[in-house]
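Chemist: This is the content of target-v4.cif (mmCIF, C-alpha atoms and all ligand atoms):
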```cif
data_input
loop_
_atom_site.label_atom_id
_atom_site.label_comp_id
_atom_site.auth_asym_id
_atom_site.auth_seq_id
_atom_site.Cartn_x
_atom_site.Cartn_y
_atom_site.Cartn_z
CA MET A 174 5.33 38.51 -34.43
CA GLN A 175 1.80 38.03 -35.77
CA ALA A 176 2.86 37.58 -39.41
CA LEU A 177 5.46 35.01 -38.46
CA LYS A 178 2.94 33.17 -36.31
CA GLU A 179 0.56 32.89 -39.27
CA THR A 180 3.13 32.10 -41.95
CA ASP A 181 5.36 29.72 -40.11
CA PRO A 182 4.02 28.57 -36.76
CA GLU A 183 6.86 26.09 -36.31
CA ILE A 184 9.63 28.70 -36.52
CA TYR A 185 7.47 31.10 -34.51
CA GLU A 186 7.09 28.54 -31.76
CA LEU A 187 10.84 27.81 -31.59
CA ILE A 188 11.63 31.51 -31.32
CA ARG A 189 9.04 31.91 -28.57
CA GLN A 190 10.56 28.98 -26.70
CA GLU A 191 14.04 30.41 -27.10
CA GLU A 192 12.78 33.74 -25.72
CA ARG A 193 11.40 32.05 -22.64
CA TYR A 194 14.60 30.04 -22.26
CA GLN A 195 16.69 33.21 -22.40
CA VAL A 196 14.44 34.91 -19.84
CA GLU A 197 14.28 31.98 -17.45
CA SER A 198 17.96 31.15 -17.27
CA VAL A 199 21.11 32.73 -15.97
CA ARG A 200 23.20 33.14 -19.11
CA LEU A 201 26.88 33.10 -18.29
CA ILE A 202 28.42 32.54 -21.71
CA PRO A 203 30.84 35.50 -21.78
CA SER A 204 30.44 36.09 -25.51
CA GLU A 205 26.63 36.41 -25.30
CA ASN A 206 24.35 39.25 -24.32
CA TYR A 207 20.81 40.63 -24.58
CA VAL A 208 20.43 43.32 -27.23
CA SER A 209 17.87 46.08 -26.83
CA ARG A 210 14.52 46.13 -28.57
CA ALA A 211 15.87 48.98 -30.73
CA VAL A 212 18.77 46.82 -31.94
CA LEU A 213 16.36 43.96 -32.69
CA GLU A 214 14.07 46.28 -34.64
CA ALA A 215 16.88 47.68 -36.79
CA SER A 216 18.17 44.17 -37.34
CA GLY A 217 14.74 42.94 -38.45
CA SER A 218 14.09 45.89 -40.77
CA VAL A 219 13.57 46.23 -44.55
CA LEU A 220 17.27 46.93 -44.92
CA THR A 221 17.58 43.19 -45.34
CA ASN A 222 16.03 43.73 -48.80
CA LYS A 223 18.94 45.81 -50.11
CA TYR A 224 22.06 44.95 -52.07
CA SER A 225 24.84 47.53 -51.87
CA GLU A 226 28.19 46.05 -52.80
CA GLY A 227 30.89 48.66 -52.44
CA TYR A 228 31.17 51.56 -50.01
CA PRO A 229 29.15 54.76 -49.52
CA THR A 230 29.02 56.77 -52.81
CA ARG A 231 31.02 54.01 -54.55
CA ARG A 232 28.45 51.24 -55.02
CA TYR A 233 27.82 48.75 -57.77
CA TYR A 234 24.05 49.14 -57.39
CA GLU A 235 21.70 52.08 -57.67
CA GLY A 236 19.09 52.84 -55.05
CA GLN A 237 21.50 53.60 -52.22
CA ARG A 238 20.24 57.03 -51.15
CA TYR A 239 19.39 55.85 -47.62
CA VAL A 240 21.88 53.02 -47.30
CA ASP A 241 24.77 55.36 -48.08
CA GLN A 242 23.63 57.77 -45.37
CA LEU A 243 23.22 54.90 -42.98
CA GLU A 244 26.63 53.30 -43.49
CA THR A 245 28.39 56.67 -43.39
CA MET A 246 26.69 57.48 -40.09
CA VAL A 247 27.63 54.12 -38.57
CA ILE A 248 31.26 54.49 -39.71
CA GLU A 249 31.43 57.92 -38.09
CA ARG A 250 29.92 56.60 -34.85
CA ALA A 251 32.46 53.78 -34.74
CA LYS A 252 35.38 56.14 -35.35
CA THR A 253 34.21 58.56 -32.67
CA LEU A 254 33.45 55.91 -30.06
CA PHE A 255 36.80 54.17 -30.37
CA GLY A 256 38.94 57.14 -31.45
CA ALA A 257 39.89 55.41 -34.69
CA GLU A 258 41.03 57.02 -37.94
CA HIS A 259 39.14 54.57 -40.14
CA ALA A 260 36.32 52.06 -39.67
CA ASN A 261 34.95 49.29 -41.86
CA VAL A 262 31.59 48.09 -40.53
CA GLN A 263 30.91 45.42 -43.16
CA PRO A 264 32.61 42.21 -41.92
CA TYR A 265 30.04 39.49 -41.36
CA SER A 266 31.62 38.40 -38.10
CA GLY A 267 34.86 38.22 -36.14
CA SER A 268 36.67 35.43 -37.99
CA PRO A 269 36.04 36.99 -41.43
CA ALA A 270 37.20 40.34 -40.01
CA ASN A 271 40.48 38.82 -38.86
CA LEU A 272 40.91 37.00 -42.16
CA ALA A 273 40.35 40.29 -44.00
CA VAL A 274 43.12 41.92 -41.96
CA TYR A 275 45.61 39.14 -42.75
CA CYS A 276 44.65 39.18 -46.45
CA ALA A 277 45.07 42.96 -46.51
CA LEU A 278 48.35 43.30 -44.70
CA LEU A 279 50.27 40.02 -45.03
CA LYS A 280 51.83 38.21 -47.95
CA PRO A 281 51.44 34.45 -48.41
CA GLY A 282 53.98 32.73 -46.19
CA ASP A 283 54.28 35.62 -43.73
CA LYS A 284 54.17 34.74 -40.05
CA ILE A 285 51.37 35.40 -37.55
CA MET A 286 52.08 35.22 -33.84
CA GLY A 287 48.89 34.85 -31.79
CA MET A 288 47.78 33.38 -28.50
CA ALA A 289 47.32 29.60 -28.54
CA LEU A 290 43.68 28.53 -28.58
CA PRO A 291 43.93 26.27 -25.49
CA HIS A 292 45.48 29.17 -23.60
CA GLY A 293 42.66 31.57 -24.36
CA GLY A 294 43.32 32.71 -27.94
CA HIS A 295 40.97 32.32 -30.89
CA LEU A 296 40.96 29.95 -33.87
CA SER A 297 41.44 32.90 -36.20
CA HIS A 298 44.64 33.99 -34.43
CA GLY A 299 46.62 31.45 -36.43
CA TRP A 300 45.54 28.20 -34.75
CA ASN A 301 46.51 25.22 -36.89
CA ILE A 302 43.02 23.94 -37.79
CA SER A 303 41.94 27.40 -38.97
CA VAL A 304 42.88 28.61 -42.45
CA THR A 305 44.68 31.44 -40.66
CA GLY A 306 47.17 28.85 -39.42
CA GLN A 307 47.41 27.15 -42.81
CA PHE A 308 47.65 30.00 -45.33
CA TRP A 309 50.23 31.75 -43.21
CA LYS A 310 53.03 30.47 -41.00
CA SER A 311 52.00 30.66 -37.41
CA VAL A 312 53.62 30.58 -34.00
CA GLN A 313 51.60 30.69 -30.84
CA TYR A 314 52.43 32.13 -27.46
CA THR A 315 51.03 30.66 -24.28
CA VAL A 316 50.36 31.72 -20.71
CA ASP A 317 52.85 30.96 -17.96
CA ARG A 318 52.49 27.46 -16.46
CA GLU A 319 52.55 28.71 -12.85
CA THR A 320 50.62 31.98 -12.93
CA ARG A 321 48.48 31.03 -15.95
CA ARG A 322 48.84 34.68 -17.00
CA LEU A 323 50.57 36.19 -20.01
CA ASP A 324 54.31 36.44 -19.51
CA TYR A 325 55.24 39.47 -21.58
CA ASP A 326 58.96 38.69 -21.37
CA ALA A 327 58.29 35.30 -22.91
CA VAL A 328 56.12 36.91 -25.60
CA ARG A 329 58.96 39.34 -26.37
CA GLU A 330 61.52 36.50 -26.54
CA MET A 331 59.33 34.57 -28.95
CA ALA A 332 58.82 37.64 -31.12
CA LEU A 333 62.57 38.31 -31.25
CA ARG A 334 63.24 34.69 -32.13
CA GLU A 335 60.41 34.22 -34.66
CA ARG A 336 60.27 37.69 -36.24
CA PRO A 337 56.55 37.53 -37.16
CA GLN A 338 55.08 40.03 -39.59
CA MET A 339 51.97 40.32 -37.43
CA ILE A 340 51.35 39.91 -33.72
CA VAL A 341 47.79 39.33 -32.53
CA ALA A 342 46.82 40.50 -29.06
CA GLY A 343 43.41 39.38 -27.91
CA ALA A 344 41.61 36.45 -26.35
CA THR A 345 38.38 34.59 -25.88
CA ALA A 346 39.15 32.90 -22.57
CA TYR A 347 41.65 35.04 -20.72
CA PRO A 348 40.38 36.52 -17.45
CA ARG A 349 42.95 39.28 -17.10
CA GLN A 350 43.55 42.65 -18.70
CA ILE A 351 45.71 42.60 -21.81
CA ASP A 352 48.56 45.10 -21.85
CA PHE A 353 48.30 46.53 -25.34
CA ARG A 354 51.07 49.03 -24.60
CA ILE A 355 53.60 46.23 -24.08
CA PHE A 356 52.32 44.37 -27.12
CA GLY A 357 52.80 47.59 -29.10
CA GLU A 358 56.38 47.92 -27.89
CA ILE A 359 57.15 44.31 -28.77
CA ALA A 360 55.63 44.68 -32.24
CA LYS A 361 57.67 47.82 -32.87
CA GLU A 362 60.84 46.16 -31.63
CA VAL A 363 60.53 43.32 -34.13
CA GLY A 364 59.01 45.33 -36.99
CA ALA A 365 55.65 43.53 -36.82
CA LEU A 366 52.19 44.98 -37.20
CA LEU A 367 49.98 44.70 -34.14
CA LEU A 368 46.41 43.46 -34.53
CA ALA A 369 44.30 43.84 -31.39
CA ASP A 370 41.24 41.61 -31.44
CA ILE A 371 38.98 43.13 -28.80
CA ALA A 372 35.87 41.10 -29.64
CA HIS A 373 35.34 40.05 -26.04
CA ILE A 374 36.21 43.32 -24.36
CA ALA A 375 35.01 46.02 -26.80
CA GLY A 376 32.20 47.07 -24.45
CA LEU A 377 34.64 47.28 -21.55
CA VAL A 378 37.03 49.37 -23.64
CA VAL A 379 34.24 51.80 -24.58
CA ALA A 380 33.18 52.05 -20.96
CA GLY A 381 36.73 52.64 -19.76
CA ALA A 382 36.70 49.38 -17.82
CA HIS A 383 39.61 47.95 -19.83
CA PRO A 384 42.55 49.90 -21.32
CA SER A 385 42.11 50.74 -24.99
CA PRO A 386 44.29 49.18 -27.69
CA PHE A 387 44.53 52.64 -29.29
CA PRO A 388 47.06 54.07 -30.07
CA TYR A 389 49.26 50.97 -29.76
CA ALA A 390 47.58 48.73 -32.33
CA ASP A 391 47.84 49.25 -36.07
CA VAL A 392 44.53 47.49 -36.60
CA VAL A 393 41.71 46.59 -34.22
CA THR A 394 39.00 44.05 -34.94
CA THR A 395 35.92 43.42 -32.89
CA THR A 396 32.66 41.62 -33.07
CA VAL A 397 29.77 43.79 -31.98
CA HIS A 398 27.55 41.21 -30.30
CA LYS A 399 29.48 40.47 -27.12
CA THR A 400 30.12 43.09 -24.41
CA LEU A 401 29.34 45.78 -27.00
CA ARG A 402 25.74 44.48 -27.05
CA GLY A 403 24.97 44.84 -30.73
CA PRO A 404 23.79 42.47 -33.46
CA ARG A 405 25.94 39.64 -34.77
CA GLY A 406 28.55 41.37 -36.89
CA ALA A 407 32.00 42.89 -36.75
CA MET A 408 34.11 45.95 -37.45
CA ILE A 409 37.69 46.69 -38.41
CA LEU A 410 39.21 49.90 -37.08
CA CYS A 411 42.58 51.04 -38.31
CA ARG A 412 45.01 53.80 -39.08
CA LYS A 413 44.29 55.81 -42.24
CA GLU A 414 47.35 54.39 -43.95
CA PHE A 415 45.77 50.89 -43.95
CA ALA A 416 42.23 52.00 -44.83
CA ASP A 417 42.28 51.25 -48.56
CA ARG A 418 43.89 47.86 -48.18
CA ILE A 419 41.46 46.87 -45.42
CA ASP A 420 38.42 48.04 -47.37
CA ARG A 421 39.49 46.25 -50.54
CA SER A 422 40.17 43.10 -48.56
CA VAL A 423 36.66 43.05 -47.06
CA PHE A 424 35.04 43.92 -50.39
CA PRO A 425 35.64 42.69 -53.05
CA GLY A 426 38.35 40.49 -51.53
CA LEU A 427 36.30 38.32 -49.24
CA GLN A 428 32.69 39.42 -49.16
CA GLY A 429 29.84 40.49 -51.37
CA GLY A 430 27.08 42.82 -50.28
CA PRO A 431 27.13 44.13 -46.73
CA HIS A 432 24.26 43.12 -44.46
CA ASN A 433 22.62 46.52 -44.24
CA HIS A 434 20.14 45.49 -41.54
CA THR A 435 23.14 44.51 -39.43
CA THR A 436 24.90 47.79 -40.22
CA ALA A 437 21.84 49.67 -38.96
CA ALA A 438 21.71 47.60 -35.79
CA ILE A 439 25.43 48.17 -35.23
CA GLY A 440 24.73 51.89 -35.47
CA VAL A 441 22.03 51.64 -32.83
CA ALA A 442 24.31 49.65 -30.54
CA LEU A 443 27.09 52.22 -30.98
CA LYS A 444 24.69 55.01 -30.06
CA GLU A 445 23.64 53.10 -26.96
CA ALA A 446 27.28 52.43 -26.11
CA SER A 447 28.06 56.15 -26.12
CA THR A 448 25.76 56.87 -23.16
CA PRO A 449 26.67 57.26 -19.47
CA ALA A 450 24.41 54.27 -18.76
CA PHE A 451 26.64 52.09 -20.90
CA LYS A 452 29.73 53.30 -19.07
CA HIS A 453 28.11 52.22 -15.83
CA TYR A 454 27.16 48.92 -17.44
CA GLY A 455 30.75 48.20 -18.50
CA HIS A 456 32.12 48.78 -15.02
CA GLN A 457 29.31 46.75 -13.46
CA ILE A 458 30.21 43.78 -15.68
CA VAL A 459 33.67 43.77 -14.10
CA ARG A 460 32.37 44.27 -10.54
CA ASN A 461 29.97 41.39 -11.09
CA ALA A 462 32.69 39.10 -12.42
CA ARG A 463 34.89 39.92 -9.42
CA ALA A 464 32.07 39.20 -6.97
CA MET A 465 31.33 35.86 -8.59
CA ALA A 466 35.03 34.99 -8.72
CA GLU A 467 35.54 35.79 -5.04
CA GLU A 468 32.54 33.71 -3.99
CA LEU A 469 33.69 30.78 -6.12
CA MET A 470 37.21 30.95 -4.68
CA ASP A 471 35.79 31.10 -1.13
CA ARG A 472 34.02 27.88 -1.99
CA GLY A 473 37.24 26.18 -3.05
CA PHE A 474 37.08 26.65 -6.81
CA ASP A 475 40.37 26.92 -8.67
CA LEU A 476 40.16 29.93 -10.98
CA VAL A 477 42.70 30.20 -13.75
CA SER A 478 45.07 33.09 -12.90
CA GLY A 479 43.51 33.34 -9.43
CA GLY A 480 40.54 35.52 -10.33
CA THR A 481 39.47 38.01 -12.95
CA ASP A 482 39.77 41.62 -13.89
CA ASN A 483 37.49 41.58 -16.90
CA HIS A 484 34.13 40.04 -17.76
CA LEU A 485 35.03 36.37 -17.57
CA ILE A 486 36.09 33.61 -15.26
CA LEU A 487 37.79 30.37 -16.21
CA VAL A 488 37.23 27.63 -13.67
CA ASP A 489 39.56 24.63 -13.54
CA LEU A 490 37.41 21.85 -12.08
CA THR A 491 40.22 19.32 -11.68
CA ASN A 492 40.18 19.66 -7.89
CA LYS A 493 36.42 19.04 -7.89
CA ASN A 494 36.78 15.82 -9.87
CA VAL A 495 34.07 16.89 -12.29
CA PRO A 496 35.00 17.27 -15.98
CA GLY A 497 33.96 20.52 -17.64
CA LYS A 498 31.41 19.01 -19.99
CA LYS A 499 29.63 17.15 -17.22
CA ALA A 500 29.58 20.32 -15.11
CA ALA A 501 28.25 22.49 -17.96
CA ARG A 502 25.50 19.94 -18.74
CA ALA A 503 24.43 19.72 -15.09
CA LEU A 504 24.42 23.51 -14.77
CA GLU A 505 22.22 23.78 -17.85
CA LYS A 506 19.68 21.55 -16.14
CA ALA A 507 19.72 24.06 -13.28
CA ALA A 508 19.04 26.92 -15.74
CA ILE A 509 22.62 28.19 -15.54
CA ILE A 510 24.08 28.36 -19.04
CA CYS A 511 27.84 28.33 -19.57
CA ASN A 512 30.28 26.51 -21.81
CA TYR A 513 32.87 23.86 -21.09
CA ASN A 514 36.33 25.10 -21.91
CA THR A 515 39.93 24.00 -21.97
CA VAL A 516 42.18 25.42 -19.29
CA PRO A 517 45.85 26.21 -19.99
CA TYR A 518 47.99 23.04 -20.09
CA ASP A 519 44.79 20.98 -19.96
CA PRO A 520 45.56 17.25 -19.85
CA ARG A 521 42.05 16.53 -21.16
CA LYS A 522 40.77 16.82 -24.74
CA PRO A 523 39.02 20.02 -26.02
CA PHE A 524 35.71 18.18 -26.46
CA ASN A 525 35.73 17.12 -22.82
CA PRO A 526 38.09 19.51 -21.08
CA SER A 527 38.78 20.34 -17.44
CA GLY A 528 37.09 23.69 -17.18
CA ILE A 529 34.05 25.85 -17.59
CA ARG A 530 33.99 29.47 -18.75
CA LEU A 531 31.66 31.96 -17.08
CA GLY A 532 30.95 35.59 -17.92
CA THR A 533 28.80 38.43 -16.67
CA PRO A 534 27.87 40.61 -19.71
CA ALA A 535 24.36 39.17 -20.18
CA VAL A 536 23.35 38.98 -16.52
CA THR A 537 24.59 42.54 -16.02
CA SER A 538 22.35 43.67 -18.90
CA ARG A 539 19.43 42.35 -16.84
CA GLY A 540 20.41 44.56 -13.92
CA MET A 541 21.80 41.79 -11.74
CA GLY A 542 24.47 42.94 -9.31
CA GLU A 543 27.09 41.55 -6.96
CA GLU A 544 24.49 40.04 -4.60
CA GLN A 545 22.98 37.96 -7.41
CA MET A 546 26.47 36.97 -8.61
CA ARG A 547 27.32 35.55 -5.19
CA GLN A 548 24.00 33.73 -5.17
CA VAL A 549 24.71 32.27 -8.63
CA ALA A 550 28.18 31.19 -7.47
CA GLY A 551 26.50 29.41 -4.56
CA TRP A 552 24.16 27.57 -6.94
CA ILE A 553 27.09 26.61 -9.16
CA ASP A 554 28.79 25.18 -6.09
CA GLN A 555 25.69 23.22 -5.11
CA VAL A 556 25.29 21.79 -8.62
CA ILE A 557 28.93 20.70 -8.82
CA ARG A 558 28.68 19.06 -5.38
CA GLN A 559 25.54 17.15 -6.40
CA VAL A 560 26.38 16.70 -10.03
CA ASN A 561 24.74 13.25 -10.23
CA ASP A 562 21.61 14.16 -8.27
CA ASP A 563 19.01 15.17 -10.86
CA ALA A 564 16.34 15.91 -8.26
CA ALA A 565 18.60 18.30 -6.35
CA ILE A 566 19.64 19.98 -9.59
CA ALA A 567 15.99 20.40 -10.60
CA ARG A 568 15.27 22.07 -7.23
CA ILE A 569 18.18 24.47 -7.77
CA GLY A 570 16.79 25.18 -11.24
CA GLU A 571 13.50 26.29 -9.70
CA GLU A 572 15.35 28.76 -7.45
CA VAL A 573 17.34 30.06 -10.41
CA ARG A 574 14.22 30.58 -12.50
CA SER A 575 12.50 32.31 -9.63
CA MET A 576 15.40 34.76 -9.25
CA CYS A 577 15.39 35.40 -13.01
CA ARG A 578 11.78 36.53 -12.89
CA GLY A 579 12.90 39.58 -10.91
CA PHE A 580 15.25 40.78 -13.65
CA PRO A 581 13.58 41.52 -17.02
CA ALA A 582 15.70 40.60 -20.02
CA PRO A 583 16.21 43.58 -22.36
CA GLY A 584 14.58 43.21 -25.74
CA ILE A 585 12.29 40.34 -24.78
CA VAL A 586 8.57 40.56 -24.16
CA LEU A 587 7.16 37.12 -23.51
CA ASP A 588 3.95 36.06 -25.20
CA GLY A 589 1.11 36.86 -22.83
CA ASP A 590 3.09 39.41 -20.77
N1 LIG A 601 33.07 31.88 -30.10
C1 LIG A 601 33.38 33.09 -29.38
C2 LIG A 601 33.39 32.87 -27.92
O1 LIG A 601 32.49 32.21 -27.43
O2 LIG A 601 34.26 33.36 -27.24
C3 LIG A 601 34.65 33.68 -29.84
O3 LIG A 601 34.53 33.98 -31.17
#
```
How would this structure read if it were set down as structure tokens?
Modeler:
Amino acid sequence: MQALKETDPEIYELIRQEERYQVESVRLIPSENYVSRAVLEASGSVLTNKYSEGYPTRRYYEGQRYVDQLETMVIERAKTLFGAEHANVQPYSGSPANLAVYCALLKPGDKIMGMALPHGGHLSHGWNISVTGQFWKSVQYTVDRETRRLDYDAVREMALRERPQMIVAGATAYPRQIDFRIFGEIAKEVGALLLADIAHIAGLVVAGAHPSPFPYADVVTTTVHKTLRGPRGAMILCRKEFADRIDRSVFPGLQGGPHNHTTAAIGVALKEASTPAFKHYGHQIVRNARAMAEELMDRGFDLVSGGTDNHLILVDLTNKNVPGKKAARALEKAAIICNYNTVPYDPRKPFNPSGIRLGTPAVTSRGMGEEQMRQVAGWIDQVIRQVNDDAAIARIGEEVRSMCRGFPAPGIVLDGD
């Protein structure tokens, strides 16, 4: 980054510090990852210079001879990888992708039925402070109070009672597999469309480590920067019959020019995701999450739903008498990065909730395995036990950083290395 160093040493320095931070910490935020050098290069390419409103061969600008080839190739890769009839690779991120789907397929005043945010859903699934819960009517299903898992009978009852026009299946903090087949049946039964938001699990789906939402969902949205390990961006995959409405909703409905540098980087990530190595990676994410979950439970941690079968773990810290925010802050000081999170039926407020959310996509990208996951769970335990002891936490941080040095972070070459 010589040019950046000369032009803007302040920004250069912050990026260098962030690189070191990412290398020297155990990153357990389940929606984060390390992209490859190839993805970073495509993302930082001259494609950022281009405007190309419209779609391949139907643009409002000339000069698209390479951009058209590029976007067409990325669309084809997306369709092949997920087995979809149509793909739109232009949404800027996950929330705009979901908004584009609602704008395309719902009328004002129609009803969305999604998973409640405090139970693991996403803001854009119709939660009341999101425009998706304001422009459309919204009802929200929850997890069961006892099992803290989805109760599909209750979801069906709500759908029969509420008759939504769209059901959203997908989550950001749900540690169990989602049964898209049942969601598909419920949607059919009540005449609703099914939107599967697989942002968190797209990489697992591609790897065969989580059942696919196809052919049950009418539309599938996903970000590409989580388990799929691409740049920050999103895609909408759908049946042919919805293709025109979806495309028109993304552009010109909601967006202007696509971010072509992102499109290129998505293409690279999709190519990487089609390899046997990625398949192994997806399964290892789940094995790692299970190992960490088991070790945490052995140490007396209360995991929402009693464990995990995907990439994430939701820890309810009530029995440890440490609020989630305090825990997450202490862990950060020990070079373990996670986020505080509400747990279902949380008596505490979202800004200082009872839980923390942990995930294994990023650490798995570094080649860490079950042994390291158990070790990390042990450090988490030690930090929570000594949450007020800064010296002890600093000592744990040294151990964490030392372990990290043995696992190179993809895409990052530290200055001087
Ligand atoms: N904000 C993302 C997450 O962390 O799960 C979801 O969009």
Chemist: Using all atoms listed in the file, which protein or nucleic acid residues are at most 9 Å from ligand LIG 601 (chain A), as a CSV table (one decimal) with C-alpha atoms, in the coordinates of the input?
Modeler:
```csv
chain,number,residue,atom,x,y,z
A,202,ILE,CA,28.4,32.5,-21.7
A,203,PRO,CA,30.8,35.5,-21.8
A,204,SER,CA,30.4,36.1,-25.5
A,205,GLU,CA,26.6,36.4,-25.3
A,266,SER,CA,31.6,38.4,-38.1
A,267,GLY,CA,34.9,38.2,-36.1
A,268,SER,CA,36.7,35.4,-38.0
A,294,GLY,CA,43.3,32.7,-27.9
A,295,HIS,CA,41.0,32.3,-30.9
A,296,LEU,CA,41.0,30.0,-33.9
A,297,SER,CA,41.4,32.9,-36.2
A,344,ALA,CA,41.6,36.4,-26.4
A,345,THR,CA,38.4,34.6,-25.9
A,346,ALA,CA,39.2,32.9,-22.6
A,372,ALA,CA,35.9,41.1,-29.6
A,373,HIS,CA,35.3,40.0,-26.0
A,396,THR,CA,32.7,41.6,-33.1
A,399,LYS,CA,29.5,40.5,-27.1
A,512,ASN,CA,30.3,26.5,-21.8
```
Chemist: Considering all atoms listed in the file, return as a list in words whatever protein or nucleic-acid residues lie within 8 Å of Gln237 of chain A, sequence-local ones (same chain, fewer than 4 positions apart) excluded.
Modeler: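 Surrounding residues, per the criterion: Ser225, Arg232 and Asp241 of chain A.
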Chemist: Which residue out of A:Val536, A:Ile557, A:Val441, A:Leu367 has the minimum interatomic distance to Lys498 of chain A when only C-alpha atoms are used?
Modeler: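 The answer is A:Ile557, which sits nearest to Lys498 of chain A.
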Chemist: Using atom CA of Val328 of chain A and atom CA of His484 of chain A as the two end points, give the distance in Å to one decimal.
Modeler: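 Value for the atom CA of Val328 of chain A-atom CA of His484 of chain A distance: 23.6 Å.
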Chemist: Neighbouring residues of segment 385-391 of chain A were defined as those with any atom within 7 Å, considering only C-alpha atoms; residues of the same chain fewer than 4 positions away were excluded. Please report them as a PyMOL selection string.
Modeler: chain A and resi 353-354+357+366-369+378+411-412
Chemist: Determine, counting all atoms listed in the file, which protein, DNA and RNA residues have an atom within 12 Å of an atom of Trp300 of chain A; residues of the same chain fewer than 4 positions away are not included. Present the result as a count of residues only.
Modeler: 25
Chemist: Between atom CA of Thr436 of chain A and atom CA of His383 of chain A, what is the spacing in Å?
Modeler: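 That distance, rounded to one decimal, is 25.1 Å.
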Chemist: Given the point (17.0, 25.9, -7.3) in the coordinates of this file, which residues lie within 12 Å, counting all atoms listed in the file, and how would they look as an mmCIF file with C-alpha atoms, in the frame of the given file?
Modeler:
```
data_model
loop_
_atom_site.group_PDB
_atom_site.id
_atom_site.type_symbol
_atom_site.label_atom_id
_atom_site.label_comp_id
_atom_site.auth_asym_id
_atom_site.auth_seq_id
_atom_site.Cartn_x
_atom_site.Cartn_y
_atom_site.Cartn_z
ATOM 1 C CA SER A 198 17.960 31.150 -17.270
ATOM 2 C CA VAL A 199 21.110 32.730 -15.970
ATOM 3 C CA LEU A 504 24.420 23.510 -14.770
ATOM 4 C CA GLU A 505 22.220 23.780 -17.850
ATOM 5 C CA LYS A 506 19.680 21.550 -16.140
ATOM 6 C CA ALA A 507 19.720 24.060 -13.280
ATOM 7 C CA ALA A 508 19.040 26.920 -15.740
ATOM 8 C CA ILE A 509 22.620 28.190 -15.540
ATOM 9 C CA GLN A 548 24.000 33.730 -5.170
ATOM 10 C CA VAL A 549 24.710 32.270 -8.630
ATOM 11 C CA GLY A 551 26.500 29.410 -4.560
ATOM 12 C CA TRP A 552 24.160 27.570 -6.940
ATOM 13 C CA ILE A 553 27.090 26.610 -9.160
ATOM 14 C CA ASP A 554 28.790 25.180 -6.090
ATOM 15 C CA GLN A 555 25.690 23.220 -5.110
ATOM 16 C CA VAL A 556 25.290 21.790 -8.620
ATOM 17 C CA ASP A 563 19.010 15.170 -10.860
ATOM 18 C CA ALA A 564 16.340 15.910 -8.260
ATOM 19 C CA ALA A 565 18.600 18.300 -6.350
ATOM 20 C CA ILE A 566 19.640 19.980 -9.590
ATOM 21 C CA ALA A 567 15.990 20.400 -10.600
ATOM 22 C CA ARG A 568 15.270 22.070 -7.230
ATOM 23 C CA ILE A 569 18.180 24.470 -7.770
ATOM 24 C CA GLY A 570 16.790 25.180 -11.240
ATOM 25 C CA GLU A 571 13.500 26.290 -9.700
ATOM 26 C CA GLU A 572 15.350 28.760 -7.450
ATOM 27 C CA VAL A 573 17.340 30.060 -10.410
ATOM 28 C CA ARG A 574 14.220 30.580 -12.500
ATOM 29 C CA SER A 575 12.500 32.310 -9.630
ATOM 30 C CA MET A 576 15.400 34.760 -9.250
ATOM 31 C CA CYS A 577 15.390 35.400 -13.010
#
```
Chemist: Using all atoms listed in the file, which protein or nucleic acid residues come within 10 Å of Arg318 of chain A? Drop anything in the same chain fewer than 6 positions from it, and give the result as a count of residues only.
Modeler: 4
Chemist: Can you pull out the residues contacting Leu377 of chain A? Cut-off 8 Å, using only C-alpha atoms, and skip same-chain residues under 4 positions away; I want them as a list in words.
Modeler: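 Surrounding residues, per the criterion: Gly381, Ala382, His383, Thr400, Leu401, Gly455, His456 and Asn483 of chain A.
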Chemist: Distance atom CA of Cys511 of chain A-atom CA of Ala375 of chain A, one decimal place?
Modeler: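 We find that atom CA of Cys511 of chain A and atom CA of Ala375 of chain A lie 20.4 Å from each other.
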Chemist: Kindly indicate which residue among A:Ile585, A:Met408, A:Leu531, A:Ile355 lies nearest to Arg200 of chain A, using only C-alpha atoms for the distances.
Modeler: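 Ranked by minimum distance to Arg200 of chain A, first place goes to A:Leu531.
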Chemist: Just give me the residues with any atom within 9 Å of (16.4, 45.1, -30.0), file coordinates, counting all atoms listed in the file, written as a list in words.
Modeler: Tyr207, Val208, Ser209, Arg210, Ala211, Val212, Leu213, Glu214, Ala215, Ser216, Gly217, Gly403, Pro404, Ala438, Pro583, Gly584 and Ile585 of chain A
Chemist: Find the residue from A:Tyr265, A:Ala466, A:Arg578, A:Leu272 that sits nearest to Tyr194 of chain A; use only C-alpha atoms when measuring.
Modeler: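 For Tyr194 of chain A, the nearest of the candidates is A:Arg578.
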Chemist: Would you please work out which residue, of A:Val560, A:Ala550, A:Ile248, A:Ile351, is nearest to Lys493 of chain A when using only C-alpha atoms?
Modeler: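 Using only C-alpha atoms, Lys493 of chain A sits closest to A:Val560.
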Chemist: Using all atoms listed in the file, can you tell me which of A:Asp370, A:Asp588, A:Glu414, A:Asp471 comes closest to Arg547 of chain A?
Modeler: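 Closest residue, counting all atoms listed in the file: A:Asp471.
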